[in-house]
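Colleague: Pasting in a structure now, in structure tokens, and then I'll have a few things to ask.
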Amino acid sequence: MELYQLTVHEMCDLIRSKKVSVVELTQSLLDRINAVDAKIESYITVLGDEALNRAKKVQERIDKGEAVSPLAGIPMALKDNICTKNVKTTCASKMLNNFIPPYDATVSKKLYNEDTVLLGKLNMDEFAMGSSTENSYFKITRNPWNVERVPGGSSGGSAASVAAGMTGFALGSDTGGSIRQPASFCGIVGMKPTYGAVSRFGLVAFASSMDQIGPLTKDVTDCAIVLNAITGYDPMDSTSANIKYPDYSKALINDVKGIRIGIPKEYIAEETNPEVKKAVLDAAETLRKLGAQLEEFSLPLTEYAIPAYYLISSAEASSNLARYDGIKYGYRAEKYTDLLDLYIQTRSEGFGVEVKRRILLGTYALSSGYYDAYYKKALQVRTLIKNAFNEAFAKYDVLLGPTAPTTAYKIGEKKDNPLEMYLEDIYTVSVNIAGLPGLTIPCGFDISNLPIGLQLIGKPFDESTLLRVGYTFEQNTEYHKNRARI
Amino acid sequence: MSKTLSIIKIGREFEVSVGMEYEMIIGLEVHVELSTKSKIYCSCTTDFGGDANTHTCPICTGMPGVLPILNKKVVEYAVKTGLATNCTIAEYSKQDRKNYFYPDLPKAYQISQYDLPICQNGYIDIEVEGKTKRIGITRIHIEEDAGKLMHDEHEIGTLIDYNRCGVPLIEIVTEPDMQSAQEAKAFVESLRAILQYIDVSDCKMQEGSLRVDVNLSVRPKGQKEFGTRTEMKNLNSLRSIVRAVESEAKRQIAVIEDGKIIVQETRRWDEHKGISYSMRTKEEAHDYRYFPEPDLMPIVVDEKWKEKIRKSLPELPDARRRRYINEFGLPEHDALIITGSKALADFFEDAAIKSNNPKAVSNFILGDVSRILNEKGMEAEDIPFSAEDLAKLVGLIEKGTISGTIAKKVLEKMFEQNKDPETIVREEGLEVVSDEKVLAEVVKKIISNNSQSVEDYRKGKDKAFGFLVGQAMKETRGKANPQLINKLLKAELDNKIL
């Protein structure tokens, strides 16, 4: 195996045993980026010399025994909506084309504190709106398993860079499936933690009540390691949960005996691709054989999750994105006649089509006279969906289903049909609506050798059980060992 | 203006020549900047002034990805205000976003409170022309202030100072319970006194830390339905409020008398021109698209916290006024004025106790001290000498060291020099002259120099005596003991007659 193909824990072993230096490792990943990213287009910004300088310093700290984290010396990359001090953070938007934050996101700070090495910033759908990474102002990211296919989105750059071995791990953000669906499409592990488990400070907001940062990794062990580094209460985020967080590496237990797993009937419905459905049910069978108790059940209101999600997320987005007005930072139109025209021209030119579509939808949903029919109704649906999950979790420890209804589709295939694109999120959005943790792990390949993802949904702050089930599945299957050939 | 219109009296009611009487209905929205040390959602200072954009950070300038953290002190101050104005304190309230585009609002939304404010259903009792009236308070909520736009002197464009961005505000909304400019003014005065007493704001109207919007409508007397109201903004002094209310009531009556309809609109008051003009009508009003602020958790004020805050409340203006009447024997009117300003009341009370002569202190404060403050455009908190100094001044009169007239002069000097009254009196030789020999010489001199007045006095003209006393006082530059002068002059004159 090449260095770049290794998992984080394998890289860590090599660094600790001095078989490889942090500089060598960093250089090998930078070489890999140079070699393949022209085909994949996952990075918006690559830090070459900065990364190598950082690698040198980290190696010194390791040599002195000052850097002891399992992430010490691990090269990583961040989705470009996670603020990095003095490093451009664009949200893949013309609007923030040249925005350099004077502050770090809490997760950036936490990862620096673990002595990781930042390789660069990753492509995404503009402002995290999309499911294919086709909505980037800069470029379209491609799926490492098949460059004619989308990597999923919105954290498509994060998923593709991990899958193609261009980083040790990546962070993405997940508002309606934006970590899990691209991880699924790219055959890797992705976790959306419980809302409140990871600080949102410094994550450029899309839909504040659902946004959550999480790891994209090559296996479940890596996921636990990164989760240990990024979770925790943050006084800079009022919605961050002030609880005691477990050591997630202790959840890596190869045993699912007695774990009660529910399979929502609505998640293996007719619209689910048969190959996806088969892989997911096979995975369920594997877990049953390993001692888990499985049961199908009905999770009501699934059909209302998509409309509720798009109303709430767009409403919040319409407000969150209002600050990009051409006054203080970011893009400003060159020609305008007065203040109103400055706003109109700047926002017309600075935002892409999908972002504008959501701002319009959200503004409409919040408008006087429509608020009750749309936004308020969506909030009521949200409560009902939460209740439905609560009932389900009275009976089950984990819910199981597909991450996405299909495998990676062709670039351009759904771009002109937003509604069809929105339906891609059908199995993922409920999890954000209810604020639950969701894990996706590879569970098979379709006939075109495209990866299929298995989604595990847990109780609030019970990431550990998800990791345990995922880890057990991994230990008894080989899917996660497959690497995209690029 | 309509020829039928002739307002005879502006006050509780209007009389118009055609016989129609109108009354006005006024409700106020008062924005108060709280005097917390740091801003409402970040740790930047709230200090007034400072170079443009130096009291800012990524949070209060709305940079991408930042989040607000509610300053607990702001909640405490709002609850304090609510308790001091007899409000119900919500155990659970929330914050909402008010969305609109304007360059002084960096996030393009203001975090405010929409349907669940911290305080509701309170009241303040005001006093106008000796009558007490209860003014309802609908709600008090917390929100953040915006920045300031400045038109650049070089005319390059508009400059923005975000220093004020995120300074905490409370908005106090009243019921439409006021019916005259004087009532509106009295409400603002009473509210301001309460806010100063509980020490949540400096309430400096000229610096914008207390701003008033007036909602006003008129209706024919006896009509039950409210007329269409207008909202007037930008009223930053008590004088503006009174003038704006009177002007707007006149305007609305004129419109009605002209057979036209009042347009529901927001108007801006121009203090210099003394008129208001339309800013936007209801049709042009913003749709603020309020929705719950997802970045902040609900505000919870439990019973324990509420009681702790209640216990921290100081004596409020009403209680203090009653105490001044009972304890110090002040007349109702004097007590009302003195307790209207916390600084003035504190000053009074301190001086009253130290001098043990509340009435004399009160007379000074309501008389010369207030007059000098007015002339100098100063507030009570700007009085440059201590309460002890005023007590000393009162003591000097009591002891007969100086006369009342001289005391006025000493007071003037106390405003100008950093010296206590005893030093001033000593340095300037202002002590009363009670030496009979000295004064007898003065009296003799006055009598010999004013033979005409002496003649008049002998003819029984009392005025002439007063004139002669005045001359004697003048001769001694006011320092003569007046009783002694009286006695000596009378004796001398009567002696001459005999």
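Every chain in the structure tokens has a letter given in the order shown (A, B, ...), and although residue numbers restart at 1 in each chain, ligands are simply numbered from 1 in the order shown.
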Excluding Asp37 (chain A) and residues on its chain fewer than 4 positions from it, collect all residues at most 12 Å away from it, counting only C-alpha atoms, and give them as a VMD selection string.
Modeller: chain A and resid 29 to 33 41 to 46 122 to 123 139 to 144 147 157 160 to 167 486
Colleague: Can you write just those residues out, N, CA, C and O atoms, as a tab-separated table (two decimals), in the first residue's frame?
Modeller:
```
chain	number	residue	atom	x	y	z
A	29	LEU	N	1.37	13.15	0.47
A	29	LEU	CA	-0.01	13.53	0.17
A	29	LEU	C	-0.06	14.73	-0.78
A	29	LEU	O	-0.93	14.80	-1.65
A	30	LEU	N	0.90	15.66	-0.62
A	30	LEU	CA	0.95	16.79	-1.55
A	30	LEU	C	1.27	16.28	-2.97
A	30	LEU	O	0.70	16.75	-3.95
A	31	ASP	N	2.16	15.29	-3.04
A	31	ASP	CA	2.47	14.68	-4.35
A	31	ASP	C	1.22	14.04	-4.95
A	31	ASP	O	0.96	14.16	-6.14
A	32	ARG	N	0.50	13.38	-4.08
A	32	ARG	CA	-0.73	12.72	-4.53
A	32	ARG	C	-1.75	13.77	-5.06
A	32	ARG	O	-2.37	13.56	-6.09
A	33	ILE	N	-1.84	14.87	-4.34
A	33	ILE	CA	-2.74	15.94	-4.79
A	33	ILE	C	-2.28	16.43	-6.17
A	33	ILE	O	-3.09	16.59	-7.10
A	41	GLU	N	-10.46	17.37	-8.85
A	41	GLU	CA	-10.85	18.76	-8.54
A	41	GLU	C	-11.49	18.87	-7.15
A	41	GLU	O	-12.57	19.45	-6.98
A	42	SER	N	-10.83	18.29	-6.15
A	42	SER	CA	-11.44	18.34	-4.82
A	42	SER	C	-10.98	19.54	-3.99
A	42	SER	O	-11.68	19.97	-3.08
A	43	TYR	N	-9.82	20.09	-4.29
A	43	TYR	CA	-9.29	21.20	-3.49
A	43	TYR	C	-9.58	22.56	-4.13
A	43	TYR	O	-9.44	22.73	-5.34
A	44	ILE	N	-9.95	23.52	-3.32
A	44	ILE	CA	-10.02	24.92	-3.77
A	44	ILE	C	-8.68	25.59	-3.45
A	44	ILE	O	-8.14	26.32	-4.26
A	45	THR	N	-8.15	25.30	-2.27
A	45	THR	CA	-6.86	25.86	-1.86
A	45	THR	C	-5.96	24.73	-1.39
A	45	THR	O	-6.39	23.91	-0.56
A	46	VAL	N	-4.76	24.66	-1.90
A	46	VAL	CA	-3.78	23.70	-1.39
A	46	VAL	C	-2.66	24.49	-0.73
A	46	VAL	O	-2.14	25.45	-1.28
A	122	LEU	N	-11.39	22.41	0.88
A	122	LEU	CA	-12.02	21.51	-0.08
A	122	LEU	C	-13.28	22.08	-0.73
A	122	LEU	O	-14.05	22.82	-0.12
A	123	ASN	N	-13.44	21.64	-1.96
A	123	ASN	CA	-14.57	22.09	-2.76
A	123	ASN	C	-15.90	21.59	-2.19
A	123	ASN	O	-15.95	20.62	-1.43
A	139	LYS	N	-15.33	24.93	-9.46
A	139	LYS	CA	-15.16	23.74	-10.29
A	139	LYS	C	-16.09	22.63	-9.83
A	139	LYS	O	-16.64	22.68	-8.73
A	140	ILE	N	-16.23	21.64	-10.71
A	140	ILE	CA	-17.05	20.47	-10.37
A	140	ILE	C	-16.12	19.37	-9.89
A	140	ILE	O	-15.17	19.00	-10.57
A	141	THR	N	-16.36	18.88	-8.69
A	141	THR	CA	-15.55	17.78	-8.17
A	141	THR	C	-16.08	16.46	-8.75
A	141	THR	O	-17.29	16.31	-8.97
A	142	ARG	N	-15.16	15.55	-9.01
A	142	ARG	CA	-15.54	14.26	-9.61
A	142	ARG	C	-15.35	13.11	-8.63
A	142	ARG	O	-14.56	13.20	-7.71
A	143	ASN	N	-16.11	12.06	-8.90
A	143	ASN	CA	-16.07	10.90	-8.01
A	143	ASN	C	-14.84	10.04	-8.33
A	143	ASN	O	-14.67	9.62	-9.47
A	144	PRO	N	-13.98	9.78	-7.37
A	144	PRO	CA	-12.76	9.01	-7.64
A	144	PRO	C	-13.02	7.60	-8.18
A	144	PRO	O	-12.17	7.01	-8.80
A	147	VAL	N	-14.85	9.16	-12.71
A	147	VAL	CA	-14.78	10.61	-12.83
A	147	VAL	C	-15.91	11.21	-13.67
A	147	VAL	O	-16.06	12.43	-13.74
A	157	GLY	N	-16.01	17.65	-2.07
A	157	GLY	CA	-14.54	17.76	-2.07
A	157	GLY	C	-13.95	16.97	-0.92
A	157	GLY	O	-12.92	16.30	-1.06
A	160	ALA	N	-14.35	13.14	-1.78
A	160	ALA	CA	-13.50	12.73	-2.90
A	160	ALA	C	-12.03	12.75	-2.50
A	160	ALA	O	-11.26	11.86	-2.87
A	161	SER	N	-11.63	13.75	-1.71
A	161	SER	CA	-10.21	13.85	-1.34
A	161	SER	C	-9.81	12.69	-0.42
A	161	SER	O	-8.70	12.18	-0.53
A	162	VAL	N	-10.71	12.29	0.46
A	162	VAL	CA	-10.42	11.15	1.33
A	162	VAL	C	-10.38	9.87	0.50
A	162	VAL	O	-9.44	9.07	0.60
A	163	ALA	N	-11.38	9.70	-0.36
A	163	ALA	CA	-11.48	8.47	-1.17
A	163	ALA	C	-10.30	8.33	-2.13
A	163	ALA	O	-9.87	7.22	-2.43
A	164	ALA	N	-9.77	9.46	-2.61
A	164	ALA	CA	-8.68	9.41	-3.58
A	164	ALA	C	-7.31	9.48	-2.90
A	164	ALA	O	-6.29	9.59	-3.58
A	165	GLY	N	-7.29	9.45	-1.57
A	165	GLY	CA	-6.02	9.46	-0.86
A	165	GLY	C	-5.29	10.79	-0.94
A	165	GLY	O	-4.07	10.84	-0.91
A	166	MET	N	-6.03	11.89	-0.99
A	166	MET	CA	-5.39	13.21	-1.04
A	166	MET	C	-5.36	13.88	0.33
A	166	MET	O	-4.94	15.03	0.44
A	167	THR	N	-5.80	13.17	1.34
A	167	THR	CA	-5.72	13.68	2.72
A	167	THR	C	-5.90	12.50	3.67
A	167	THR	O	-6.49	11.47	3.27
A	486	ILE	N	-7.38	5.40	-8.89
A	486	ILE	CA	-7.23	6.63	-9.68
A	486	ILE	C	-5.75	6.98	-9.75
A	486	ILE	O	-5.01	6.76	-8.80
```
Colleague: Using backbone DSSP assignments, extract all strand (DSSP E or B) residues from region 214-355 of chain A; output them as an mmCIF file with C-alpha atoms, in the first residue's frame.
Modeller:
```cif
data_model
loop_
_atom_site.group_PDB
_atom_site.id
_atom_site.type_symbol
_atom_site.label_atom_id
_atom_site.label_comp_id
_atom_site.auth_asym_id
_atom_site.auth_seq_id
_atom_site.Cartn_x
_atom_site.Cartn_y
_atom_site.Cartn_z
ATOM 1 C CA GLY A 214 -18.353 15.948 11.163
ATOM 2 C CA PRO A 215 -15.523 13.703 9.964
ATOM 3 C CA LEU A 216 -15.071 11.910 6.635
ATOM 4 C CA THR A 217 -12.610 9.065 7.056
ATOM 5 C CA THR A 231 -16.600 17.127 19.904
ATOM 6 C CA ARG A 260 -31.772 -3.662 18.818
ATOM 7 C CA ILE A 261 -31.817 -2.368 15.267
ATOM 8 C CA GLY A 262 -34.954 -1.038 13.591
ATOM 9 C CA ILE A 263 -35.316 -0.810 9.830
ATOM 10 C CA PRO A 264 -37.851 1.831 8.788
ATOM 11 C CA GLN A 293 -31.854 -8.016 16.885
ATOM 12 C CA LEU A 294 -33.448 -6.731 13.717
ATOM 13 C CA GLU A 295 -36.971 -5.602 13.070
ATOM 14 C CA GLU A 296 -38.763 -3.697 10.363
ATOM 15 C CA PHE A 297 -41.079 -0.957 11.536
#
```
Colleague: Which residues, written as a compact mmCIF listing (two decimals) with N, CA, C and O atoms, in the first residue's frame, have at least one atom at most 8 Å from Arg321 (chain B), with only C-alpha atoms counted and residues fewer than 5 positions away on the same chain left out?
Modeller:
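So the final result, stored in around39.txt, reads:
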```txt
# COMPACT_ATOMS: atom_id res chain seq x y z
N GLU B 332 -45.01 68.26 48.55
CA GLU B 332 -45.20 67.26 47.50
C GLU B 332 -44.47 67.65 46.20
O GLU B 332 -43.75 66.86 45.61
N ALA B 335 -40.68 67.51 46.43
CA ALA B 335 -40.23 66.12 46.50
C ALA B 335 -40.29 65.48 45.12
O ALA B 335 -39.40 64.72 44.72
N LEU B 336 -41.32 65.80 44.36
CA LEU B 336 -41.51 65.22 43.03
C LEU B 336 -40.35 65.62 42.11
O LEU B 336 -39.79 64.79 41.40
N THR B 339 -36.89 64.06 43.34
CA THR B 339 -36.75 62.62 43.12
C THR B 339 -36.82 62.25 41.64
O THR B 339 -36.59 61.12 41.27
```
Colleague: As a ChimeraX atom specification, please: the residues near Lys72 (chain B) (cut-off 10 Å, only C-alpha atoms, same-chain neighbours under 6 positions excluded).
Modeller: /B:36,40-41,299
Colleague: Kindly provide, as an MDAnalysis selection string, the residues of chain B having any atom no farther than 9 Å from an atom of chain A, counting only C-alpha atoms.
Modeller: chainID B and resid 58 61:70 97 99:103 105:109 287:291 293:297
Colleague: Env of Ile135 (chain B): 9 Å cut, atoms = only C-alpha atoms, seq-sep filter 4 positions within chain, self excluded. Answer as JSON, numbers by chain.
Modeller: {"B": [122, 123, 124, 125, 126, 174, 175, 176, 177, 178, 187]}
Colleague: Might you pull out every residue within 12 Å of Ala251 (chain A), with only C-alpha atoms counted and same-chain residues fewer than 6 positions away left off, and present them as a list in words?
Modeller: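 Listing them by chain and then by number gives Val220, Thr221, Cys223, Ala224, Ile225, Leu227, Asn228, Asp462, Glu463, Ser464, Thr465, Leu466, Leu467, Arg468, Val469, Gly470, Tyr471 and Thr472 of chain A.
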Colleague: Using N, CA, C and O atoms, can you write the selected residues to a file as a PDB file, in the first residue's frame?
Modeller:
```pdb
ATOM      1  N   VAL A 220     -14.045   3.302  10.359  1.00  0.00           N
ATOM      2  CA  VAL A 220     -14.768   3.707  11.566  1.00  0.00           C
ATOM      3  C   VAL A 220     -13.797   4.087  12.690  1.00  0.00           C
ATOM      4  O   VAL A 220     -14.066   4.998  13.470  1.00  0.00           O
ATOM      5  N   THR A 221     -12.671   3.411  12.756  1.00  0.00           N
ATOM      6  CA  THR A 221     -11.673   3.732  13.781  1.00  0.00           C
ATOM      7  C   THR A 221     -11.220   5.180  13.631  1.00  0.00           C
ATOM      8  O   THR A 221     -11.155   5.947  14.606  1.00  0.00           O
ATOM      9  N   CYS A 223     -12.867   7.513  12.258  1.00  0.00           N
ATOM     10  CA  CYS A 223     -14.013   8.358  12.595  1.00  0.00           C
ATOM     11  C   CYS A 223     -14.034   8.626  14.099  1.00  0.00           C
ATOM     12  O   CYS A 223     -14.215   9.769  14.543  1.00  0.00           O
ATOM     13  N   ALA A 224     -13.799   7.587  14.895  1.00  0.00           N
ATOM     14  CA  ALA A 224     -13.806   7.731  16.358  1.00  0.00           C
ATOM     15  C   ALA A 224     -12.668   8.648  16.807  1.00  0.00           C
ATOM     16  O   ALA A 224     -12.849   9.494  17.693  1.00  0.00           O
ATOM     17  N   ILE A 225     -11.505   8.506  16.165  1.00  0.00           N
ATOM     18  CA  ILE A 225     -10.342   9.320  16.547  1.00  0.00           C
ATOM     19  C   ILE A 225     -10.620  10.803  16.281  1.00  0.00           C
ATOM     20  O   ILE A 225     -10.368  11.662  17.135  1.00  0.00           O
ATOM     21  N   LEU A 227     -13.549  12.195  15.870  1.00  0.00           N
ATOM     22  CA  LEU A 227     -14.667  12.624  16.718  1.00  0.00           C
ATOM     23  C   LEU A 227     -14.172  13.021  18.111  1.00  0.00           C
ATOM     24  O   LEU A 227     -14.605  14.026  18.673  1.00  0.00           O
ATOM     25  N   ASN A 228     -13.250  12.255  18.641  1.00  0.00           N
ATOM     26  CA  ASN A 228     -12.659  12.594  19.942  1.00  0.00           C
ATOM     27  C   ASN A 228     -12.043  13.990  19.927  1.00  0.00           C
ATOM     28  O   ASN A 228     -12.087  14.698  20.924  1.00  0.00           O
ATOM     29  N   ASP A 462     -25.583   9.542  21.277  1.00  0.00           N
ATOM     30  CA  ASP A 462     -25.161   8.139  21.361  1.00  0.00           C
ATOM     31  C   ASP A 462     -24.367   7.741  20.120  1.00  0.00           C
ATOM     32  O   ASP A 462     -24.635   6.716  19.491  1.00  0.00           O
ATOM     33  N   GLU A 463     -23.402   8.558  19.753  1.00  0.00           N
ATOM     34  CA  GLU A 463     -22.515   8.243  18.645  1.00  0.00           C
ATOM     35  C   GLU A 463     -21.813   6.906  18.895  1.00  0.00           C
ATOM     36  O   GLU A 463     -21.500   6.159  17.978  1.00  0.00           O
ATOM     37  N   SER A 464     -21.560   6.616  20.186  1.00  0.00           N
ATOM     38  CA  SER A 464     -20.790   5.420  20.536  1.00  0.00           C
ATOM     39  C   SER A 464     -21.432   4.141  19.995  1.00  0.00           C
ATOM     40  O   SER A 464     -20.747   3.276  19.461  1.00  0.00           O
ATOM     41  N   THR A 465     -22.755   4.042  20.148  1.00  0.00           N
ATOM     42  CA  THR A 465     -23.419   2.826  19.661  1.00  0.00           C
ATOM     43  C   THR A 465     -23.316   2.718  18.142  1.00  0.00           C
ATOM     44  O   THR A 465     -23.126   1.633  17.596  1.00  0.00           O
ATOM     45  N   LEU A 466     -23.408   3.857  17.452  1.00  0.00           N
ATOM     46  CA  LEU A 466     -23.264   3.836  15.994  1.00  0.00           C
ATOM     47  C   LEU A 466     -21.871   3.336  15.616  1.00  0.00           C
ATOM     48  O   LEU A 466     -21.708   2.522  14.714  1.00  0.00           O
ATOM     49  N   LEU A 467     -20.873   3.877  16.326  1.00  0.00           N
ATOM     50  CA  LEU A 467     -19.494   3.481  16.031  1.00  0.00           C
ATOM     51  C   LEU A 467     -19.304   1.985  16.296  1.00  0.00           C
ATOM     52  O   LEU A 467     -18.661   1.273  15.538  1.00  0.00           O
ATOM     53  N   ARG A 468     -19.925   1.523  17.359  1.00  0.00           N
ATOM     54  CA  ARG A 468     -19.790   0.103  17.709  1.00  0.00           C
ATOM     55  C   ARG A 468     -20.389  -0.794  16.622  1.00  0.00           C
ATOM     56  O   ARG A 468     -19.766  -1.754  16.184  1.00  0.00           O
ATOM     57  N   VAL A 469     -21.596  -0.441  16.176  1.00  0.00           N
ATOM     58  CA  VAL A 469     -22.239  -1.244  15.134  1.00  0.00           C
ATOM     59  C   VAL A 469     -21.433  -1.141  13.844  1.00  0.00           C
ATOM     60  O   VAL A 469     -21.162  -2.146  13.166  1.00  0.00           O
ATOM     61  N   GLY A 470     -21.005   0.068  13.504  1.00  0.00           N
ATOM     62  CA  GLY A 470     -20.211   0.269  12.279  1.00  0.00           C
ATOM     63  C   GLY A 470     -18.901  -0.491  12.348  1.00  0.00           C
ATOM     64  O   GLY A 470     -18.483  -1.125  11.372  1.00  0.00           O
ATOM     65  N   TYR A 471     -18.271  -0.450  13.515  1.00  0.00           N
ATOM     66  CA  TYR A 471     -16.971  -1.106  13.682  1.00  0.00           C
ATOM     67  C   TYR A 471     -17.127  -2.614  13.551  1.00  0.00           C
ATOM     68  O   TYR A 471     -16.343  -3.283  12.883  1.00  0.00           O
ATOM     69  N   THR A 472     -18.172  -3.148  14.165  1.00  0.00           N
ATOM     70  CA  THR A 472     -18.416  -4.595  14.098  1.00  0.00           C
ATOM     71  C   THR A 472     -18.642  -5.024  12.652  1.00  0.00           C
ATOM     72  O   THR A 472     -18.083  -6.027  12.192  1.00  0.00           O
TER      73      THR A 472
END
```
Colleague: Find the spatial neighbours of Met378 (chain B), counting only C-alpha atoms, within a cut-off of 12 Å - ignore same-chain residues fewer than 3 positions away - and output them as a list of chain:residue names.
Modeller: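 Here the answer would be B:Lys204, B:Gln206, B:Leu344, B:Val369, B:Ser370, B:Arg371, B:Ile372, B:Leu373, B:Asn374, B:Glu375, B:Glu381, B:Asp382, B:Ile383, B:Pro384, B:Phe415.
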Colleague: Can you check which residues of region 218-329 of chain A DSSP gives as alpha helix (DSSP H) on the backbone and send them as an MDAnalysis selection string?
Modeller: chainID A and resid 220:230 274:289 302:320
Colleague: Would you put the residues from that selection into a file with C-alpha atoms, as a short mmCIF file (atom, residue, chain, number, x, y, z; two decimals), in the first residue's frame?
Modeller:
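New file again_25.cif:
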```
data_model
loop_
_atom_site.label_atom_id
_atom_site.label_comp_id
_atom_site.auth_asym_id
_atom_site.auth_seq_id
_atom_site.Cartn_x
_atom_site.Cartn_y
_atom_site.Cartn_z
CA VAL A 220 -14.77 3.71 11.57
CA THR A 221 -11.67 3.73 13.78
CA ASP A 222 -10.53 6.96 12.12
CA CYS A 223 -14.01 8.36 12.60
CA ALA A 224 -13.81 7.73 16.36
CA ILE A 225 -10.34 9.32 16.55
CA VAL A 226 -11.43 12.49 14.75
CA LEU A 227 -14.67 12.62 16.72
CA ASN A 228 -12.66 12.59 19.94
CA ALA A 229 -10.79 15.65 18.71
CA ILE A 230 -13.71 17.77 17.51
CA PRO A 274 -32.83 -2.32 -6.00
CA GLU A 275 -29.08 -2.75 -5.82
CA VAL A 276 -28.88 -0.28 -2.95
CA LYS A 277 -31.78 -1.98 -1.21
CA LYS A 278 -30.18 -5.40 -1.57
CA ALA A 279 -26.82 -4.25 -0.24
CA VAL A 280 -28.47 -2.60 2.75
CA LEU A 281 -30.62 -5.64 3.57
CA ASP A 282 -27.58 -7.90 3.16
CA ALA A 283 -25.72 -5.68 5.61
CA ALA A 284 -28.65 -5.94 8.01
CA GLU A 285 -28.49 -9.71 7.68
CA THR A 286 -24.77 -9.65 8.42
CA LEU A 287 -25.45 -7.74 11.61
CA ARG A 288 -28.26 -10.12 12.55
CA LYS A 289 -25.91 -13.04 12.15
CA THR A 302 -40.94 10.32 6.23
CA GLU A 303 -42.69 11.78 3.20
CA TYR A 304 -42.94 15.17 4.91
CA ALA A 305 -39.29 15.35 5.84
CA ILE A 306 -38.12 16.75 2.49
CA PRO A 307 -40.62 19.64 2.30
CA ALA A 308 -40.14 20.47 5.98
CA TYR A 309 -36.38 20.38 5.56
CA TYR A 310 -36.33 22.59 2.48
CA LEU A 311 -38.63 25.14 4.10
CA ILE A 312 -36.75 25.38 7.39
CA SER A 313 -33.27 25.26 5.90
CA SER A 314 -34.09 27.77 3.16
CA ALA A 315 -35.79 30.11 5.62
CA GLU A 316 -32.73 30.13 7.87
CA ALA A 317 -30.45 30.41 4.86
CA SER A 318 -32.31 33.44 3.53
CA SER A 319 -31.45 35.21 6.78
CA ASN A 320 -27.96 33.74 7.25
#
```
Colleague: Quick one: distance from CA of Ala380 (chain B) to CA of Gly136 (chain B) in Å, one decimal?
Modeller: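 Calculated distance between CA of Ala380 (chain B) and CA of Gly136 (chain B) is 28.5 Å.
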Colleague: Quick one, how far is CA of Leu171 (chain A) from CA of Leu361 (chain A)?
Modeller: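 CA of Leu171 (chain A) sits 28.3 Å away from CA of Leu361 (chain A).
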